[in-house]
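Working notes for the structure below.
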Amino acid sequence: MVQHRMIDVNGIRLHIAEEGSGPLVVLLHGFPESWHSWQHQFGPLAAAGYRVVAPDQRGYGSSDHPEDVNAYSIFHLVGDVVGLIRELGEEQAFVVGHDWGAPVAWHTALLRPDMVRGVAGLSVPPPFRSSEPPLQIMNKMFGGRFYWNYFNLPGVADAEFGRDPRTTLRKFLTTTAGDGSGEVAQPLVDPERGWLADMQEPEELPEWLTEADLDALAESFSQGFTGALNWYRNLDRNWELTAPWQGAVVTTPALYVYGDQDLVAAFPGTPELIAQLPALMPNLVREPLKLSGCGHWTQQERPDEVNAALAEFLKSLT
């Protein structure tokens, strides 16, 4: 059974969910998610002989929500993972991340390879620092309509998403899931209308998502969306902070999994990067695993395939 507790890490308190014993596996969720997005991974990975821990990351769920936007830099997020591993009594761990959790996992391996036995990213590929700040790039490319730029308007997305968190989350999860159409559009937003206005209200939930799942997720956003959005408000700052790692490559044994209908995999330049990963990363244990018909919510939409890939990856390194 999954157990829950609070833990002091890196100057804040994090809520964690944990199950099993053995080598430590840290699962990092993305936006707009919580530890609950890994519900299908706990049992299988624990049964395979691993100690599985998934935190609500800072700004999410029952964990602390620092008010200062500067408290959400990539250094803070990696520091939370490093502190969590140590507080759990370990020197090393496998680190797995989805969506925003993937950059945190990748950067933990990049900055502290001594502490990461293996790293896996779902949806978001490994980081290769761009020549310009990311918000500037997207602003030039899409005239300020890319969702990263929208999220950086002070208080705007916070208010839009917070008016009805359950409807917000329902639209996010269903609109960006794989629907079999093969069509993936760039996530562009009209700042005057907001993002939700152009998202369809689904008549029914997909098979992988239940009303209970939505209830649990909506409850985790009872404190609002500002903490989660503050991660995006550090994108250009993260670019500045990681200048010393320009050209650096993740050398830890790695796995990358994505859906062919994931909007992230269709971001400008990302298809080309994914194609080059085997050449760029010598310790990628296999070619990127592409899940046909899968959208953005990788481990929830395709739990069996993700669990099998993770178990194979972990066993190869244990």
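So you can find residues: chains in the structure tokens are A, B, ... in the order shown, residues in each start at 1, and ligands are numbered from 1 in order.
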* Asked: Hey, what's within 7 Å of Ser37 (chain A) if we count only C-alpha atoms and toss same-chain stuff fewer than 4 positions away? As number ranges by chain, please?
  -> A: 29, 33, 300
* To do: Extract, using only C-alpha atoms, all DNA, RNA and protein residues at most 12 Å from Ala159 (chain A), discarding same-chain residues fewer than 3 positions from it, and format them as a VMD selection string.
  => chain A and resid 151 153 to 156 162 to 165 168 194 to 196 224 to 226 229
Prev. selection, N, CA and C atoms, output as a compact mmCIF listing (two decimals), in the first residue's frame:
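What ended up in again34.txt:
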# COMPACT_ATOMS: atom_id res chain seq x y z
N PHE A 151 1.68 32.13 -19.72
CA PHE A 151 1.85 31.82 -18.30
C PHE A 151 2.69 32.87 -17.58
N LEU A 153 2.40 36.12 -17.95
CA LEU A 153 1.64 37.34 -17.67
C LEU A 153 1.22 37.31 -16.21
N PRO A 154 1.65 38.26 -15.40
CA PRO A 154 1.42 38.19 -13.95
C PRO A 154 -0.05 38.03 -13.57
N GLY A 155 -0.36 36.94 -12.90
CA GLY A 155 -1.69 36.72 -12.35
C GLY A 155 -2.76 36.30 -13.33
N VAL A 156 -2.49 36.32 -14.63
CA VAL A 156 -3.54 36.09 -15.62
C VAL A 156 -3.96 34.63 -15.68
N GLY A 162 -7.83 29.17 -11.83
CA GLY A 162 -8.34 29.04 -10.47
C GLY A 162 -9.82 29.25 -10.32
N ARG A 163 -10.49 29.77 -11.35
CA ARG A 163 -11.94 30.01 -11.23
C ARG A 163 -12.72 28.72 -11.05
N ASP A 164 -12.30 27.67 -11.72
CA ASP A 164 -12.95 26.37 -11.60
C ASP A 164 -11.88 25.31 -11.84
N PRO A 165 -11.10 24.97 -10.79
CA PRO A 165 -9.97 24.07 -10.98
C PRO A 165 -10.34 22.73 -11.60
N THR A 168 -10.87 23.19 -15.28
CA THR A 168 -9.56 23.47 -15.87
C THR A 168 -8.78 22.19 -16.09
N GLY A 194 -7.84 33.77 -23.21
CA GLY A 194 -7.35 32.74 -22.30
C GLY A 194 -7.20 31.41 -23.02
N TRP A 195 -6.59 30.44 -22.35
CA TRP A 195 -6.32 29.14 -22.97
C TRP A 195 -7.55 28.23 -22.96
N LEU A 196 -8.32 28.27 -21.87
CA LEU A 196 -9.41 27.32 -21.72
C LEU A 196 -10.54 27.56 -22.71
N GLY A 224 -4.53 26.85 -5.34
CA GLY A 224 -4.37 27.62 -6.55
C GLY A 224 -3.25 27.11 -7.45
N PHE A 225 -3.02 27.83 -8.53
CA PHE A 225 -2.08 27.41 -9.56
C PHE A 225 -0.79 28.23 -9.59
N THR A 226 -0.68 29.25 -8.73
CA THR A 226 0.46 30.16 -8.82
C THR A 226 1.79 29.45 -8.60
N LEU A 229 2.67 27.60 -11.74
CA LEU A 229 2.99 28.52 -12.84
C LEU A 229 4.32 29.21 -12.63
* Non-local contacts of region 286-296 of chain A (8 Å; only C-alpha atoms; under 3 positions in same chain excluded) as a PyMOL selection string -> chain A and resi 123+176-180+182+255-264+274+277-278+301-302
Write a file of the selected residues as a PDB file, in the first residue's frame, keeping N, CA, C and O atoms.
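New file again_36.pdb:
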ATOM      1  N   SER A 123       8.021  12.337 -22.050  1.00  0.00           N
ATOM      2  CA  SER A 123       7.496  13.492 -22.773  1.00  0.00           C
ATOM      3  C   SER A 123       8.577  14.499 -23.137  1.00  0.00           C
ATOM      4  O   SER A 123       8.775  14.800 -24.315  1.00  0.00           O
ATOM      5  N   THR A 176      -5.185  17.427 -24.320  1.00  0.00           N
ATOM      6  CA  THR A 176      -3.808  17.122 -24.712  1.00  0.00           C
ATOM      7  C   THR A 176      -3.486  15.636 -24.636  1.00  0.00           C
ATOM      8  O   THR A 176      -2.319  15.250 -24.696  1.00  0.00           O
ATOM      9  N   ALA A 177      -4.502  14.810 -24.509  1.00  0.00           N
ATOM     10  CA  ALA A 177      -4.307  13.358 -24.550  1.00  0.00           C
ATOM     11  C   ALA A 177      -4.314  12.883 -25.993  1.00  0.00           C
ATOM     12  O   ALA A 177      -4.748  13.594 -26.904  1.00  0.00           O
ATOM     13  N   GLY A 178      -3.827  11.672 -26.218  1.00  0.00           N
ATOM     14  CA  GLY A 178      -3.895  11.092 -27.550  1.00  0.00           C
ATOM     15  C   GLY A 178      -5.329  10.737 -27.896  1.00  0.00           C
ATOM     16  O   GLY A 178      -6.029  10.127 -27.090  1.00  0.00           O
ATOM     17  N   ASP A 179      -5.770  11.136 -29.072  1.00  0.00           N
ATOM     18  CA  ASP A 179      -7.148  10.851 -29.461  1.00  0.00           C
ATOM     19  C   ASP A 179      -7.247  10.026 -30.739  1.00  0.00           C
ATOM     20  O   ASP A 179      -8.337   9.791 -31.261  1.00  0.00           O
ATOM     21  N   GLY A 180      -6.092   9.604 -31.263  1.00  0.00           N
ATOM     22  CA  GLY A 180      -6.095   8.768 -32.453  1.00  0.00           C
ATOM     23  C   GLY A 180      -6.172   9.524 -33.765  1.00  0.00           C
ATOM     24  O   GLY A 180      -6.107   8.918 -34.830  1.00  0.00           O
ATOM     25  N   GLY A 182      -4.012  11.728 -34.896  1.00  0.00           N
ATOM     26  CA  GLY A 182      -2.694  11.959 -35.476  1.00  0.00           C
ATOM     27  C   GLY A 182      -2.346  13.418 -35.618  1.00  0.00           C
ATOM     28  O   GLY A 182      -1.250  13.761 -36.067  1.00  0.00           O
ATOM     29  N   LEU A 255      16.957   6.840 -20.314  1.00  0.00           N
ATOM     30  CA  LEU A 255      15.836   6.317 -21.089  1.00  0.00           C
ATOM     31  C   LEU A 255      14.914   7.485 -21.418  1.00  0.00           C
ATOM     32  O   LEU A 255      14.650   8.328 -20.561  1.00  0.00           O
ATOM     33  N   TYR A 256      14.430   7.531 -22.653  1.00  0.00           N
ATOM     34  CA  TYR A 256      13.476   8.564 -23.040  1.00  0.00           C
ATOM     35  C   TYR A 256      12.265   7.920 -23.697  1.00  0.00           C
ATOM     36  O   TYR A 256      12.405   7.108 -24.619  1.00  0.00           O
ATOM     37  N   VAL A 257      11.070   8.290 -23.204  1.00  0.00           N
ATOM     38  CA  VAL A 257       9.813   7.723 -23.683  1.00  0.00           C
ATOM     39  C   VAL A 257       8.857   8.865 -24.011  1.00  0.00           C
ATOM     40  O   VAL A 257       8.720   9.811 -23.220  1.00  0.00           O
ATOM     41  N   TYR A 258       8.174   8.786 -25.150  1.00  0.00           N
ATOM     42  CA  TYR A 258       7.229   9.842 -25.502  1.00  0.00           C
ATOM     43  C   TYR A 258       6.114   9.286 -26.383  1.00  0.00           C
ATOM     44  O   TYR A 258       6.243   8.212 -26.986  1.00  0.00           O
ATOM     45  N   GLY A 259       5.011  10.028 -26.433  1.00  0.00           N
ATOM     46  CA  GLY A 259       3.900   9.660 -27.281  1.00  0.00           C
ATOM     47  C   GLY A 259       3.966  10.382 -28.610  1.00  0.00           C
ATOM     48  O   GLY A 259       4.363  11.550 -28.670  1.00  0.00           O
ATOM     49  N   ASP A 260       3.565   9.716 -29.682  1.00  0.00           N
ATOM     50  CA  ASP A 260       3.647  10.364 -30.992  1.00  0.00           C
ATOM     51  C   ASP A 260       2.579  11.425 -31.180  1.00  0.00           C
ATOM     52  O   ASP A 260       2.599  12.172 -32.165  1.00  0.00           O
ATOM     53  N   GLN A 261       1.629  11.538 -30.216  1.00  0.00           N
ATOM     54  CA  GLN A 261       0.636  12.601 -30.257  1.00  0.00           C
ATOM     55  C   GLN A 261       0.827  13.603 -29.114  1.00  0.00           C
ATOM     56  O   GLN A 261      -0.078  14.372 -28.797  1.00  0.00           O
ATOM     57  N   ASP A 262       2.004  13.594 -28.534  1.00  0.00           N
ATOM     58  CA  ASP A 262       2.321  14.518 -27.440  1.00  0.00           C
ATOM     59  C   ASP A 262       2.654  15.888 -28.015  1.00  0.00           C
ATOM     60  O   ASP A 262       3.510  16.011 -28.892  1.00  0.00           O
ATOM     61  N   LEU A 263       2.007  16.932 -27.517  1.00  0.00           N
ATOM     62  CA  LEU A 263       2.270  18.280 -28.013  1.00  0.00           C
ATOM     63  C   LEU A 263       3.714  18.696 -27.779  1.00  0.00           C
ATOM     64  O   LEU A 263       4.283  19.452 -28.567  1.00  0.00           O
ATOM     65  N   VAL A 264       4.341  18.209 -26.691  1.00  0.00           N
ATOM     66  CA  VAL A 264       5.726  18.579 -26.402  1.00  0.00           C
ATOM     67  C   VAL A 264       6.661  18.036 -27.480  1.00  0.00           C
ATOM     68  O   VAL A 264       7.604  18.706 -27.908  1.00  0.00           O
ATOM     69  N   ILE A 274      14.902  14.784 -31.000  1.00  0.00           N
ATOM     70  CA  ILE A 274      14.620  13.387 -30.655  1.00  0.00           C
ATOM     71  C   ILE A 274      15.328  12.444 -31.624  1.00  0.00           C
ATOM     72  O   ILE A 274      15.906  11.420 -31.215  1.00  0.00           O
ATOM     73  N   LEU A 277      19.032  12.139 -30.670  1.00  0.00           N
ATOM     74  CA  LEU A 277      19.423  11.757 -29.314  1.00  0.00           C
ATOM     75  C   LEU A 277      20.387  10.573 -29.249  1.00  0.00           C
ATOM     76  O   LEU A 277      21.359  10.598 -28.482  1.00  0.00           O
ATOM     77  N   PRO A 278      20.170   9.487 -30.015  1.00  0.00           N
ATOM     78  CA  PRO A 278      21.109   8.366 -29.912  1.00  0.00           C
ATOM     79  C   PRO A 278      22.552   8.757 -30.227  1.00  0.00           C
ATOM     80  O   PRO A 278      23.485   8.205 -29.641  1.00  0.00           O
ATOM     81  N   GLU A 301      -1.706   7.416 -19.651  1.00  0.00           N
ATOM     82  CA  GLU A 301      -2.361   6.887 -20.849  1.00  0.00           C
ATOM     83  C   GLU A 301      -1.883   5.479 -21.187  1.00  0.00           C
ATOM     84  O   GLU A 301      -2.655   4.647 -21.666  1.00  0.00           O
ATOM     85  N   ARG A 302      -0.591   5.223 -20.972  1.00  0.00           N
ATOM     86  CA  ARG A 302      -0.006   3.930 -21.348  1.00  0.00           C
ATOM     87  C   ARG A 302       0.776   3.316 -20.190  1.00  0.00           C
ATOM     88  O   ARG A 302       1.981   3.091 -20.281  1.00  0.00           O
TER      89      ARG A 302
END
Set the distance at 9 Å and use only C-alpha atoms: which residues neighbour Pro23 (chain A) once local chain neighbours fewer than 2 positions away are removed? I'd like the list as a compact mmCIF listing (two decimals) with C-alpha atoms, in the first residue's frame.
# COMPACT_ATOMS: atom_id res chain seq x y z
CA SER A 21 11.73 -1.55 -0.49
CA VAL A 25 13.26 5.26 -7.45
CA GLY A 49 11.90 -4.86 -5.92
CA TYR A 50 12.19 -1.08 -5.70
CA ARG A 51 11.45 1.59 -3.12
CA VAL A 52 9.20 4.00 -5.01
CA GLU A 90 20.24 7.07 0.44
CA GLN A 92 21.93 7.47 -4.89
CA ALA A 93 18.63 6.93 -6.66
CA PHE A 94 17.03 6.31 -10.02
CA THR A 318 20.61 -2.83 -10.69
* Select, from A:Trp297, A:Phe313, A:Tyr232, A:Trp208, the residue with the minimum atom-to-atom distance to Tyr147 (chain A), counting only C-alpha atoms. => A:Tyr232
* **In region 68-219 of chain A, DSSP helix (DSSP H, G or I) residues written as a PyMOL selection string** => chain A and resi 69-72+74-87+101-111+113-115+134-142+147-151+156-162+165-175+196-198+211-219
Every residue of region 123-220 of chain A that DSSP places in strand (DSSP E or B), as an mmCIF file with N, CA and C atoms, in the first residue's frame:
data_model
loop_
_atom_site.group_PDB
_atom_site.id
_atom_site.type_symbol
_atom_site.label_atom_id
_atom_site.label_comp_id
_atom_site.auth_asym_id
_atom_site.auth_seq_id
_atom_site.Cartn_x
_atom_site.Cartn_y
_atom_site.Cartn_z
ATOM 1 N N PHE A 146 2.530 31.711 -27.624
ATOM 2 C CA PHE A 146 2.892 30.398 -27.087
ATOM 3 C C PHE A 146 2.536 30.368 -25.601
ATOM 4 N N LEU A 188 -0.989 27.346 -28.665
ATOM 5 C CA LEU A 188 -1.021 28.800 -28.771
ATOM 6 C C LEU A 188 -2.263 29.339 -28.067
ATOM 7 N N ASP A 190 -4.698 32.882 -27.177
ATOM 8 C CA ASP A 190 -5.082 34.275 -27.345
ATOM 9 C C ASP A 190 -5.147 34.893 -25.957
ATOM 10 N N GLY A 194 -7.840 33.768 -23.207
ATOM 11 C CA GLY A 194 -7.354 32.737 -22.304
ATOM 12 C C GLY A 194 -7.199 31.410 -23.023
#
* Between A:Arg86, A:Lys140, A:Arg233, A:Arg117, single out the one closest to Leu317 (chain A), counting only C-alpha atoms. =>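 The closest residue to Leu317 (chain A) is A:Arg117.
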* Asked: Taking into account only C-alpha atoms, which residue in the set A:Gly83, A:Gly269, A:Gly11, A:Gly59 is nearest to Pro125 (chain A)?
  -> A:Gly269
* Structure fact -> In Å and to one decimal, CA of Pro32 (chain A) is distant from CA of Arg193 (chain A) by 20.1 Å
For Thr242 (chain A), list every protein, DNA or RNA residue within 9 Å, evaluated using only C-alpha atoms, and leave out those in the same chain fewer than 4 positions away; present the list as a PDB file with N, CA and C atoms, in the first residue's frame.
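Result file follows (around12.pdb):
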ATOM      1  N   ILE A  74      15.528  26.138 -11.454  1.00  0.00           N
ATOM      2  CA  ILE A  74      15.951  24.755 -11.648  1.00  0.00           C
ATOM      3  C   ILE A  74      16.907  24.311 -10.554  1.00  0.00           C
ATOM      4  N   PHE A  75      17.675  25.237  -9.990  1.00  0.00           N
ATOM      5  CA  PHE A  75      18.572  24.882  -8.892  1.00  0.00           C
ATOM      6  C   PHE A  75      17.781  24.512  -7.639  1.00  0.00           C
ATOM      7  N   ARG A 129      20.921  23.270 -24.033  1.00  0.00           N
ATOM      8  CA  ARG A 129      20.698  24.701 -23.816  1.00  0.00           C
ATOM      9  C   ARG A 129      20.712  25.461 -25.140  1.00  0.00           C
ATOM     10  N   ARG A 237      15.280  32.653 -16.545  1.00  0.00           N
ATOM     11  CA  ARG A 237      16.258  32.665 -15.449  1.00  0.00           C
ATOM     12  C   ARG A 237      17.041  31.357 -15.418  1.00  0.00           C
ATOM     13  N   ASN A 238      16.372  30.238 -15.641  1.00  0.00           N
ATOM     14  CA  ASN A 238      17.075  28.955 -15.689  1.00  0.00           C
ATOM     15  C   ASN A 238      18.103  28.946 -16.818  1.00  0.00           C
ATOM     16  N   GLN A 246      26.579  25.001 -20.747  1.00  0.00           N
ATOM     17  CA  GLN A 246      26.372  25.095 -22.196  1.00  0.00           C
ATOM     18  C   GLN A 246      27.175  24.002 -22.905  1.00  0.00           C
TER      19      GLN A 246
END
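Of the listed residues (A:Met199, A:Val104, A:Ala228, A:Leu241), A:Ala228 comes nearest to Ala157 (chain A); the distances count only C-alpha atoms.
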* **Selected residue, from A:Ala248, A:Ala120, A:Tyr60, A:Ser181, that lies nearest to Val306 (chain A) when counting only C-alpha atoms** =>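 When distances to Val306 (chain A) are compared using only C-alpha atoms, the smallest one comes from A:Ala120.
Near Thr210 (chain A), within 12 Å and counting only C-alpha atoms, sit Arg170, Leu173, Thr174, Glu204, Ala216, Leu217, Gln300 and Glu301 of chain A, not including residues fewer than 6 positions from it in the same chain.
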